[in-house]
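**Student:** Structure below; questions to follow.
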Amino acid sequence: MEKVTVRVCCAVCGVDAEREVTWVHKHRVKFCSTRCCNIDRGRRARSRSRKPKATLEERLRSRLARNSETGCLEWTGATRPGGYGAIRLGAPQRSSAPTHRVAYELWVGGIPVGLELDHLCFNPACCEPSHLEPVTHAENMRRMRERQKQLAELAL
C-alpha cells in the first residue's frame with residue numbers, strides 16, 4: 001500500500017511532527033508517536049529511561065544462599081538435570097552456563113584448559129569457590145566412583 005507523509009500537531013504534547021502513514025489512515029493521525037497515543041488512551045507510557053540491567057555477578061549473587069550446616073553457597077534458581085545450577089549468559093546467544101563454573105571464573109579466575117571443576121562437598125548446587133577444585137576428567141570420574149562406593153557402603 002502506498003505511504004504518505006503527513007504533518008501532525010500532536011494532540012497530547014503539541015509537537016509538530018511528520019509521520020509516514022498509509023493513504024487510508026492519513027486523516028486519522030493525531031499523535032506524534034505511539035507513546036502519545038497510549039497516553040491519550042489512558043495506557044501507561046513506557047519509560048524512556050529503563051533501569052540498568054543487572055550484571056552477571058549481581059544476578060548470580062541474588063540467587064545464592066549460604067547453608068549454615070555445610071558452608072555451601074547454594075544456588076536457589078533454575079537447575080539442570082543432576083542438580084547443577086544454570087544461569088543465562090544474556091543476549092545475543094541466550095545460552096546458559098553452570099553456575100558453579102560462572103562463580104569460579106568470576107571470583108577465582110579462569111578454569112585451566114583441559115580441566116573441569118570437582119565439588120569437594122558433593123553438592124552439585126554449591127557455588128562456593130573453596131568447595132570447587134579444578135581436576136582432569138579422569139580424576140573427577142575416579143572421585144565420583146569412590147563417593148558412590150562410600151554411599152553404597154553406608155546404605156548397607
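Chains: A, B, ... in order of the C-alpha cells. Residues: from 1 per chain. Ligands: from 1, in order shown.
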Stretch 72-126 of chain A: which residues are strand (DSSP E) by DSSP, as a ChimeraX atom specification?
**Tutor:** /A:73-75,86-90,95-98,116-119
**Student:** Using all heavy atoms, can you write the selected residues to a file as a compact mmCIF listing (two decimals), in the first residue's frame?
**Tutor:**
# COMPACT_ATOMS: atom_id res chain seq x y z
N LEU A 73 27.58 -22.50 49.45
CA LEU A 73 26.89 -21.35 48.88
C LEU A 73 26.01 -21.93 47.78
O LEU A 73 26.48 -22.17 46.67
CB LEU A 73 27.91 -20.36 48.34
CG LEU A 73 27.46 -18.95 48.02
CD1 LEU A 73 26.81 -18.29 49.23
CD2 LEU A 73 28.64 -18.12 47.56
N GLU A 74 24.72 -22.19 48.10
CA GLU A 74 23.86 -22.97 47.22
C GLU A 74 23.05 -22.11 46.26
O GLU A 74 22.51 -21.07 46.64
CB GLU A 74 22.93 -23.85 48.04
CG GLU A 74 23.66 -24.92 48.81
CD GLU A 74 22.76 -25.78 49.65
OE1 GLU A 74 21.62 -25.36 49.95
OE2 GLU A 74 23.20 -26.88 50.02
N TRP A 75 22.96 -22.56 45.03
CA TRP A 75 22.16 -21.92 44.00
C TRP A 75 20.69 -22.24 44.24
O TRP A 75 20.32 -23.39 44.42
CB TRP A 75 22.59 -22.44 42.62
CG TRP A 75 21.77 -21.93 41.49
CD1 TRP A 75 20.88 -22.64 40.75
CD2 TRP A 75 21.78 -20.61 40.95
NE1 TRP A 75 20.34 -21.83 39.78
CE2 TRP A 75 20.87 -20.58 39.88
CE3 TRP A 75 22.46 -19.43 41.27
CZ2 TRP A 75 20.63 -19.43 39.13
CZ3 TRP A 75 22.23 -18.29 40.52
CH2 TRP A 75 21.32 -18.30 39.46
N ALA A 86 21.87 -23.40 36.75
CA ALA A 86 22.04 -22.85 35.40
C ALA A 86 21.67 -21.37 35.42
O ALA A 86 20.66 -20.99 36.01
CB ALA A 86 21.17 -23.59 34.40
N ILE A 87 22.50 -20.54 34.80
CA ILE A 87 22.23 -19.10 34.72
C ILE A 87 22.39 -18.65 33.28
O ILE A 87 23.30 -19.09 32.58
CB ILE A 87 23.16 -18.31 35.67
CG1 ILE A 87 22.74 -16.84 35.74
CG2 ILE A 87 24.62 -18.45 35.29
CD1 ILE A 87 23.43 -16.05 36.86
N ARG A 88 21.49 -17.78 32.85
CA ARG A 88 21.55 -17.24 31.49
C ARG A 88 22.73 -16.30 31.35
O ARG A 88 22.98 -15.48 32.22
CB ARG A 88 20.27 -16.49 31.15
CG ARG A 88 19.11 -17.42 30.93
CD ARG A 88 18.42 -17.05 29.66
NE ARG A 88 17.25 -17.87 29.47
CZ ARG A 88 17.14 -18.74 28.50
NH1 ARG A 88 18.09 -18.89 27.64
NH2 ARG A 88 16.07 -19.47 28.38
N LEU A 89 23.41 -16.41 30.23
CA LEU A 89 24.55 -15.53 29.97
C LEU A 89 24.11 -14.24 29.30
O LEU A 89 24.83 -13.26 29.31
CB LEU A 89 25.60 -16.25 29.11
CG LEU A 89 26.23 -17.46 29.76
CD1 LEU A 89 27.17 -18.14 28.79
CD2 LEU A 89 26.95 -17.07 31.03
N GLY A 90 22.93 -14.21 28.70
CA GLY A 90 22.41 -13.00 28.09
C GLY A 90 22.48 -13.01 26.58
O GLY A 90 22.96 -13.95 25.96
N SER A 95 22.29 -18.29 25.74
CA SER A 95 22.66 -19.60 26.26
C SER A 95 22.80 -19.52 27.78
O SER A 95 22.80 -18.45 28.36
CB SER A 95 23.97 -20.06 25.63
OG SER A 95 25.00 -19.16 25.94
N SER A 96 22.92 -20.67 28.40
CA SER A 96 23.10 -20.70 29.85
C SER A 96 24.39 -21.45 30.17
O SER A 96 24.94 -22.15 29.33
CB SER A 96 21.91 -21.36 30.53
OG SER A 96 21.79 -22.70 30.15
N ALA A 97 24.86 -21.26 31.40
CA ALA A 97 26.10 -21.91 31.84
C ALA A 97 25.89 -22.43 33.26
O ALA A 97 25.06 -21.91 34.01
CB ALA A 97 27.25 -20.91 31.82
N PRO A 98 26.65 -23.46 33.64
CA PRO A 98 26.57 -23.96 35.01
C PRO A 98 27.01 -22.88 36.00
O PRO A 98 28.04 -22.23 35.80
CB PRO A 98 27.53 -25.15 35.03
CG PRO A 98 27.77 -25.50 33.61
CD PRO A 98 27.59 -24.24 32.83
N GLU A 116 38.19 -29.69 34.63
CA GLU A 116 36.81 -29.39 35.00
C GLU A 116 36.74 -29.25 36.51
O GLU A 116 37.70 -29.59 37.21
CB GLU A 116 35.86 -30.48 34.49
CG GLU A 116 36.28 -31.89 34.84
CD GLU A 116 35.49 -32.93 34.07
OE1 GLU A 116 35.43 -32.88 32.83
OE2 GLU A 116 34.92 -33.82 34.75
N LEU A 117 35.63 -28.72 37.02
CA LEU A 117 35.52 -28.46 38.45
C LEU A 117 34.89 -29.65 39.17
O LEU A 117 33.86 -30.16 38.76
CB LEU A 117 34.69 -27.20 38.69
CG LEU A 117 35.30 -25.91 38.18
CD1 LEU A 117 34.36 -24.74 38.40
CD2 LEU A 117 36.64 -25.63 38.86
N ASP A 118 35.53 -30.06 40.26
CA ASP A 118 35.01 -31.12 41.11
C ASP A 118 34.46 -30.47 42.37
O ASP A 118 35.09 -29.61 42.97
CB ASP A 118 36.13 -32.10 41.47
CG ASP A 118 35.64 -33.25 42.33
OD1 ASP A 118 34.42 -33.56 42.27
OD2 ASP A 118 36.45 -33.83 43.06
N HIS A 119 33.23 -30.88 42.77
CA HIS A 119 32.63 -30.39 44.01
C HIS A 119 33.18 -31.23 45.17
O HIS A 119 32.83 -32.41 45.31
CB HIS A 119 31.12 -30.53 43.97
CG HIS A 119 30.45 -29.54 43.06
ND1 HIS A 119 30.30 -29.75 41.72
CD2 HIS A 119 29.91 -28.33 43.33
CE1 HIS A 119 29.67 -28.71 41.19
NE2 HIS A 119 29.44 -27.83 42.14
**Student:** In terms of the shortest atom-to-atom distance over only C-alpha atoms, which of A:Cys13, A:Cys126, A:Leu106, A:Ile39 is closest to A:Gly77?
**Tutor:**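 Among the listed residues, A:Cys126 lies closest to A:Gly77.
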**Student:** Could you tell me how far atom CA of A:Leu60 lies from atom CA of A:Ala138, in Å and to one decimal?
**Tutor:** 29.1 Å
**Student:** Report as a PyMOL selection string all protein, DNA and RNA residues lying within 9 Å of A:Ala11, evaluated on only C-alpha atoms, omitting residues in the same chain fewer than 6 positions from it.
**Tutor:** chain A and resi 30-32+36-37+40
**Student:** I need the alpha helix (DSSP H) residues of chain A per DSSP on the backbone, written as number ranges by chain.
**Tutor:** A: 34-40, 56-62, 99-107, 137-155
**Student:** As an exercise, work out the distance from atom CA of A:Thr79 to atom CA of A:Asn123 in Å and give it to one decimal place.
**Tutor:**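 Atom CA of A:Thr79 sits 12.7 Å away from atom CA of A:Asn123.
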**Student:** Find the spatial neighbours of A:Cys127, counting only C-alpha atoms, within a cut-off of 10 Å - ignore same-chain residues fewer than 2 positions away - and output them as a PyMOL selection string.
**Tutor:** chain A and resi 60+64-66+72-75+84-85+98-104+119+123-125+129-132
**Student:** Tell me, in Å to one decimal, how far atom CA of A:Thr136 is from atom CA of A:Cys121.
**Tutor:**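 Rounded to one decimal, the two atoms are 17.4 Å apart.
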**Student:** Which of these residues is nearest to A:Thr34, using only C-alpha atoms: A:Ala152, A:Asp16, A:Cys10, A:Glu139?
**Tutor:** A:Cys10
